$ cat model29.txt   # compact mmCIF, C-alpha atoms
# COMPACT_ATOMS: atom_id res chain seq x y z
CA MET A 1 0.00 0.00 0.00
CA SER A 2 1.43 3.35 -1.01
CA LEU A 3 1.39 6.53 1.03
CA PRO A 4 -1.33 8.21 -1.07
CA ASP A 5 -3.61 5.17 -0.57
CA ARG A 6 -3.18 5.35 3.23
CA LEU A 7 -3.78 9.08 3.24
CA SER A 8 -6.90 8.82 1.16
CA ARG A 9 -8.29 5.98 3.31
CA ARG A 10 -7.43 7.87 6.47
CA THR A 11 -9.12 10.96 5.07
CA VAL A 12 -12.25 8.99 4.21
CA VAL A 13 -12.42 7.35 7.65
CA LEU A 14 -11.87 10.66 9.46
CA GLY A 15 -14.37 12.42 7.20
CA LEU A 16 -17.04 9.78 7.86
CA GLY A 17 -16.40 9.97 11.59
CA ALA A 18 -16.75 13.75 11.58
CA ALA A 19 -19.91 13.56 9.48
CA LEU A 20 -21.49 11.04 11.86
CA ALA A 21 -20.56 13.14 14.87
CA LEU A 22 -22.12 16.25 13.34
CA ALA A 23 -25.22 14.40 12.18
CA GLY A 24 -26.07 13.49 15.76
CA CYS A 25 -25.65 16.99 17.19
CA GLY A 26 -28.98 18.35 15.92
CA LEU A 27 -27.51 21.22 13.91
CA THR A 28 -28.93 21.93 10.49
CA PRO A 29 -27.53 24.24 7.82
CA VAL A 30 -29.25 27.61 8.06
CA TYR A 31 -29.94 27.71 4.31
CA GLY A 32 -30.52 23.96 3.97
CA PRO A 33 -33.83 22.11 4.02
CA ASN A 34 -35.77 22.97 7.20
CA GLY A 35 -33.11 25.55 8.11
CA GLY A 36 -33.95 28.88 9.69
CA GLY A 37 -32.93 30.79 6.59
CA THR A 38 -35.88 29.43 4.63
CA LYS A 39 -38.23 30.87 7.25
CA LEU A 40 -36.85 34.37 6.65
CA PHE A 41 -35.82 34.43 3.00
CA GLY A 42 -38.04 36.95 1.19
CA LYS A 43 -40.22 37.42 4.27
CA VAL A 44 -38.56 40.35 6.08
CA ARG A 45 -39.56 43.90 5.22
CA PRO A 46 -37.14 46.49 6.57
CA ARG A 47 -38.44 49.95 7.40
CA ASP A 48 -38.24 52.56 4.68
CA PRO A 49 -34.80 54.18 4.48
CA ASP A 50 -34.32 57.81 5.58
CA THR A 51 -30.60 58.32 4.98
CA PRO A 52 -27.97 57.12 2.49
CA ILE A 53 -26.61 54.69 5.09
CA ASP A 54 -30.15 53.25 5.47
CA PHE A 55 -30.33 52.63 1.72
CA VAL A 56 -27.06 50.67 1.77
CA PHE A 57 -28.22 48.78 4.88
CA ASN A 58 -31.51 47.79 3.19
CA GLN A 59 -29.70 46.82 0.00
CA ARG A 60 -27.42 44.47 1.93
CA LEU A 61 -30.39 42.96 3.78
CA ALA A 62 -32.03 42.21 0.43
CA GLU A 63 -28.81 40.60 -0.81
CA ARG A 64 -28.57 38.35 2.22
CA ILE A 65 -32.20 37.40 2.99
CA GLY A 66 -33.93 38.29 -0.26
CA PRO A 67 -36.29 41.07 -1.25
CA ASP A 68 -39.51 41.29 0.73
CA SER A 69 -41.74 39.58 -1.82
CA ALA A 70 -44.04 37.96 0.75
CA SER A 71 -43.24 39.78 3.95
CA ALA A 72 -44.35 38.07 7.14
CA TYR A 73 -42.07 40.13 9.40
CA ASP A 74 -41.23 43.81 9.78
CA LEU A 75 -37.73 44.93 10.69
CA ASP A 76 -37.41 48.26 12.45
CA TYR A 77 -33.91 49.58 13.02
CA ARG A 78 -32.02 52.70 14.02
CA ILE A 79 -28.46 53.26 12.89
CA SER A 80 -26.21 55.75 14.63
CA VAL A 81 -22.72 56.65 13.45
CA GLY A 82 -20.08 58.74 15.18
CA ALA A 83 -16.71 59.90 13.87
CA VAL A 84 -13.69 59.88 16.16
CA GLY A 85 -10.29 61.29 15.25
CA GLN A 86 -7.65 58.56 15.37
CA ALA A 87 -4.42 60.03 14.03
CA ILE A 88 -3.50 63.59 14.89
CA THR A 89 -0.29 65.25 13.75
CA THR A 90 1.88 67.51 15.92
CA GLU A 91 0.23 70.43 14.08
CA GLU A 92 -3.11 69.14 15.46
CA ILE A 93 -4.43 68.04 12.07
CA THR A 94 -6.52 64.87 12.09
CA THR A 95 -5.36 62.54 9.33
CA ARG A 96 -7.50 59.48 10.09
CA TYR A 97 -11.03 59.06 11.39
CA SER A 98 -12.79 56.05 12.81
CA LEU A 99 -16.51 55.66 12.15
CA ASN A 100 -18.18 53.84 15.03
CA GLY A 101 -21.66 52.56 14.26
CA THR A 102 -24.46 50.79 16.07
CA ALA A 103 -27.71 49.35 14.79
CA ASP A 104 -30.60 48.71 17.17
CA PHE A 105 -33.11 46.37 15.55
CA LYS A 106 -36.45 44.76 16.27
CA LEU A 107 -38.11 42.03 14.21
CA THR A 108 -41.89 41.81 14.66
CA ASP A 109 -44.51 39.60 13.11
CA LYS A 110 -47.59 41.05 11.39
CA GLN A 111 -49.52 40.98 14.69
CA GLY A 112 -46.89 43.23 16.28
CA ASN A 113 -45.30 40.55 18.47
CA VAL A 114 -41.56 41.00 18.93
CA VAL A 115 -39.72 37.99 17.51
CA THR A 116 -36.21 39.15 18.32
CA GLU A 117 -34.38 42.38 19.01
CA GLY A 118 -30.88 43.51 19.78
CA ARG A 119 -27.97 45.79 19.07
CA VAL A 120 -24.93 45.28 16.90
CA SER A 121 -21.90 47.50 16.55
CA ASN A 122 -18.86 47.78 14.34
CA PHE A 123 -16.35 50.30 13.09
CA THR A 124 -14.37 51.28 10.05
CA SER A 125 -11.98 54.10 9.28
CA TYR A 126 -10.72 56.35 6.53
CA SER A 127 -7.79 58.61 5.79
CA THR A 128 -7.90 62.36 5.22
CA THR A 129 -4.42 62.81 3.76
CA GLY A 130 -5.50 63.34 0.14
CA THR A 131 -7.48 66.07 -1.54
CA THR A 132 -10.89 67.20 -0.33
CA VAL A 133 -12.57 65.13 -3.04
CA ALA A 134 -10.54 62.05 -2.08
CA THR A 135 -11.36 62.55 1.60
CA LEU A 136 -15.09 62.85 0.88
CA ALA A 137 -14.97 59.75 -1.32
CA ALA A 138 -13.10 57.83 1.40
CA GLU A 139 -15.64 58.89 4.01
CA GLY A 140 -18.55 57.84 1.79
CA SER A 141 -16.95 54.48 1.09
CA SER A 142 -16.29 54.00 4.78
CA ARG A 143 -19.95 54.73 5.62
CA GLU A 144 -21.08 52.20 3.00
CA ARG A 145 -18.75 49.54 4.39
CA LEU A 146 -20.05 50.23 7.89
CA ALA A 147 -23.68 49.90 6.76
CA ARG A 148 -22.93 46.58 5.05
CA MET A 149 -21.10 45.23 8.11
CA LEU A 150 -23.97 46.22 10.41
CA ALA A 151 -26.50 44.62 8.04
CA ASP A 152 -24.46 41.40 7.97
CA GLN A 153 -24.43 41.31 11.76
CA VAL A 154 -28.19 41.89 11.96
CA VAL A 155 -28.81 39.10 9.44
CA THR A 156 -26.63 36.77 11.50
CA ARG A 157 -28.71 37.55 14.59
CA LEU A 158 -31.97 37.09 12.68
CA LEU A 159 -30.83 33.74 11.30
CA ALA A 160 -29.80 32.61 14.77
CA ALA A 161 -33.31 33.40 16.05
CA ALA A 162 -35.06 31.93 12.99
CA SER A 163 -35.10 28.38 14.35
CA GLN A 164 -37.83 29.41 16.82
CA LEU A 165 -40.07 30.87 14.09
CA PRO A 166 -43.21 29.03 12.98
CA GLU A 167 -43.15 27.41 9.55
$ encode --input "model29.txt" --output "structure tokens"
Amino acid sequence: MSLPDRLSRRTVVLGLGAALALAGCGLTPVYGPNGGGTKLFGKVRPRDPDTPIDFVFNQRLAERIGPDSASAYDLDYRISVGAVGQAITTEEITTRYSLNGTADFKLTDKQGNVVTEGRVSNFTSYSTTGTTVATLAAEGSSRERLARMLADQVVTRLLAAASQLPE
């Protein structure tokens, strides 16, 4: 028996053992059959956006859990963003900002019952060392990244709570 044969047999035996161990733990893939993702996909309607960051947030929600074609749940959220100077020169010029953001969210069913709620937070940063146009573009890009990160975190929380939702 050659070394590749032993490795491939060992890999198969270890892979089967791992699969059997996971099969007995009761976990199901979130987007698999009977997973929580199927209970939310296309069924969550986020509140109407008010700001550019809300538009990006809603867009990312639609990418992750589908557009609200048959909404069974309403998602209310509030995003707050604050800028904090991170790098200051000896001339007291700020050359880097950190954007700290939080999103408070509440998922309710059509009867108004709260399904899940919570708060997520994240941060991103941008540099101000270029021209004014470059700085504004960097800030806008940073805000978009922050909105997408917050939306991803909210989706993760919603998917974690989806297993308790009715079919």
$ residues_near_point --input "model29.txt" --point "(-23.8, 29.5, 17.8)" --cutoff "12 Å" --atoms "only C-alpha atoms" --output "PyMOL selection string"
chain A and resi 27-30+156-157+159-161+163
$ write_last_selection --input "model29.txt" --atoms "C-alpha atoms" --output "mmCIF file, keeping the file's coordinate frame"
data_model
loop_
_atom_site.group_PDB
_atom_site.id
_atom_site.type_symbol
_atom_site.label_atom_id
_atom_site.label_comp_id
_atom_site.auth_asym_id
_atom_site.auth_seq_id
_atom_site.Cartn_x
_atom_site.Cartn_y
_atom_site.Cartn_z
ATOM 1 C CA LEU A 27 -27.510 21.220 13.910
ATOM 2 C CA THR A 28 -28.930 21.930 10.490
ATOM 3 C CA PRO A 29 -27.530 24.240 7.820
ATOM 4 C CA VAL A 30 -29.250 27.610 8.060
ATOM 5 C CA THR A 156 -26.630 36.770 11.500
ATOM 6 C CA ARG A 157 -28.710 37.550 14.590
ATOM 7 C CA LEU A 159 -30.830 33.740 11.300
ATOM 8 C CA ALA A 160 -29.800 32.610 14.770
ATOM 9 C CA ALA A 161 -33.310 33.400 16.050
ATOM 10 C CA SER A 163 -35.100 28.380 14.350
#
$ closest_residue --input "model29.txt" --among "A:Val81, A:Ala134, A:Leu75, A:Ile88" --to "Asn122 of chain A" --atoms "all atoms listed in the file"
A:Val81
$ closest_residue --input "model29.txt" --among "A:Val155, A:Leu165, A:Ala70, A:Leu150" --to "Phe57 of chain A" --atoms "only C-alpha atoms"
A:Leu150
$ atom_distance --input "model29.txt" --atom1 "atom CA of Ile53 of chain A" --atom2 "atom CA of Met149 of chain A"
11.4 Å
$ residues_around --input "model29.txt" --residues "Ser142 of chain A" --least-positions-apart "3" --cutoff "8 Å" --atoms "all atoms listed in the file" --output "list in words"
Leu99, Thr124, Ser125, Tyr126, Ala138, Glu139, Arg145 and Leu146 of chain A
$ residues_around --input "model29.txt" --residues "Thr129 of chain A" --least-positions-apart "6" --cutoff "9 Å" --atoms "all atoms listed in the file" --output "list in words"
Thr94, Thr95, Arg96 and Thr135 of chain A
$ closest_residue --input "model29.txt" --among "A:Gly82, A:Gly37, A:Gly101, A:Pro67" --to "Ala147 of chain A" --atoms "all atoms listed in the file"
A:Gly101
$ residues_around --input "model29.txt" --residues "Gln164 of chain A" --least-positions-apart "2" --cutoff "12 Å" --atoms "all atoms listed in the file" --output "list of chain:residue names"
A:Asn34, A:Gly35, A:Gly36, A:Gly37, A:Lys39, A:Leu40, A:Val115, A:Thr116, A:Leu158, A:Leu159, A:Ala160, A:Ala161, A:Ala162, A:Pro166, A:Glu167
$ closest_residue --input "model29.txt" --among "A:Thr132, A:Ser69, A:Ser141, A:Gln153" --to "Pro52 of chain A" --atoms "all atoms listed in the file"
A:Ser141
$ atom_distance --input "model29.txt" --atom1 "atom CA of Asn100 of chain A" --atom2 "atom CA of Arg45 of chain A"
25.5 Å
$ atom_distance --input "model29.txt" --atom1 "atom CA of Ala83 of chain A" --atom2 "atom CA of Arg64 of chain A"
27.2 Å
$ closest_residue --input "model29.txt" --among "A:Arg119, A:Asp109, A:Leu61, A:Val44" --to "Ile79 of chain A" --atoms "all atoms listed in the file"
A:Arg119
$ closest_residue --input "model29.txt" --among "A:Tyr97, A:Phe41, A:Tyr73, A:Tyr31" --to "Gly112 of chain A" --atoms "only C-alpha atoms"
A:Tyr73
$ residues_around --input "model29.txt" --residues "Pro46 of chain A" --least-positions-apart "6" --cutoff "7 Å" --atoms "only C-alpha atoms" --output "PyMOL selection string"
chain A and resi 58+74-76
$ axis_aligned_box --input "model29.txt" --around "segment 135-140 of chain A" --padding-each-side "6 Å" --output "AutoDock Vina command-line options"
--center_x -15.0 --center_y 60.3 --center_z 1.3 --size_x 19.2 --size_y 17.0 --size_z 17.3
$ decode --input "model29.txt" --residues "segment 25-53 of chain A" --atoms "N, CA and C atoms" --output "short mmCIF file (atom, residue, chain, number, x, y, z; two decimals), in the first residue's frame"
data_model
loop_
_atom_site.label_atom_id
_atom_site.label_comp_id
_atom_site.auth_asym_id
_atom_site.auth_seq_id
_atom_site.Cartn_x
_atom_site.Cartn_y
_atom_site.Cartn_z
N CYS A 25 -25.64 15.84 16.29
CA CYS A 25 -25.65 16.99 17.19
C CYS A 25 -26.91 17.83 17.06
N GLY A 26 -27.74 17.61 16.05
CA GLY A 26 -28.98 18.35 15.92
C GLY A 26 -28.86 19.65 15.16
N LEU A 27 -27.67 20.00 14.68
CA LEU A 27 -27.51 21.22 13.91
C LEU A 27 -27.93 21.00 12.48
N THR A 28 -28.58 22.00 11.90
CA THR A 28 -28.93 21.93 10.49
C THR A 28 -28.38 23.17 9.80
N PRO A 29 -28.02 23.06 8.54
CA PRO A 29 -27.53 24.24 7.82
C PRO A 29 -28.63 25.30 7.75
N VAL A 30 -28.25 26.54 7.98
CA VAL A 30 -29.25 27.61 8.06
C VAL A 30 -29.97 27.80 6.73
N TYR A 31 -29.30 27.57 5.61
CA TYR A 31 -29.94 27.71 4.31
C TYR A 31 -30.32 26.36 3.70
N GLY A 32 -30.16 25.28 4.46
CA GLY A 32 -30.52 23.96 3.97
C GLY A 32 -32.00 23.68 4.18
N PRO A 33 -32.43 22.49 3.79
CA PRO A 33 -33.83 22.11 4.02
C PRO A 33 -34.17 22.20 5.51
N ASN A 34 -35.29 22.79 5.82
CA ASN A 34 -35.77 22.97 7.20
C ASN A 34 -34.87 23.88 8.02
N GLY A 35 -33.97 24.61 7.39
CA GLY A 35 -33.11 25.55 8.11
C GLY A 35 -33.84 26.86 8.38
N GLY A 36 -33.32 27.62 9.32
CA GLY A 36 -33.95 28.88 9.69
C GLY A 36 -33.96 29.90 8.58
N GLY A 37 -32.99 29.83 7.68
CA GLY A 37 -32.93 30.79 6.59
C GLY A 37 -34.13 30.73 5.67
N THR A 38 -34.70 29.55 5.49
CA THR A 38 -35.88 29.43 4.63
C THR A 38 -37.10 30.08 5.26
N LYS A 39 -37.11 30.21 6.57
CA LYS A 39 -38.23 30.87 7.25
C LYS A 39 -38.18 32.38 7.10
N LEU A 40 -37.01 32.92 6.78
CA LEU A 40 -36.85 34.37 6.65
C LEU A 40 -36.66 34.85 5.22
N PHE A 41 -36.18 33.99 4.34
CA PHE A 41 -35.82 34.43 3.00
C PHE A 41 -37.03 35.00 2.27
N GLY A 42 -36.95 36.27 1.90
CA GLY A 42 -38.04 36.95 1.19
C GLY A 42 -39.21 37.32 2.06
N LYS A 43 -39.08 37.18 3.38
CA LYS A 43 -40.22 37.42 4.27
C LYS A 43 -39.99 38.55 5.27
N VAL A 44 -38.87 39.26 5.14
CA VAL A 44 -38.56 40.35 6.08
C VAL A 44 -38.62 41.67 5.32
N ARG A 45 -39.46 42.57 5.81
CA ARG A 45 -39.56 43.90 5.22
C ARG A 45 -38.92 44.91 6.15
N PRO A 46 -37.77 45.47 5.74
CA PRO A 46 -37.14 46.49 6.57
C PRO A 46 -37.91 47.80 6.45
N ARG A 47 -37.76 48.65 7.45
CA ARG A 47 -38.44 49.95 7.40
C ARG A 47 -37.90 50.75 6.22
N ASP A 48 -38.65 51.72 5.80
CA ASP A 48 -38.24 52.56 4.68
C ASP A 48 -37.00 53.36 5.07
N PRO A 49 -36.03 53.47 4.16
CA PRO A 49 -34.80 54.18 4.48
C PRO A 49 -35.00 55.70 4.53
N ASP A 50 -34.28 56.35 5.43
CA ASP A 50 -34.32 57.81 5.58
C ASP A 50 -33.02 58.46 5.14
N THR A 51 -31.92 57.74 5.24
CA THR A 51 -30.60 58.32 4.98
C THR A 51 -29.86 57.45 3.98
N PRO A 52 -28.76 57.96 3.41
CA PRO A 52 -27.97 57.12 2.49
C PRO A 52 -27.47 55.84 3.14
N ILE A 53 -27.11 55.90 4.42
CA ILE A 53 -26.61 54.69 5.09
C ILE A 53 -27.75 53.67 5.24
#
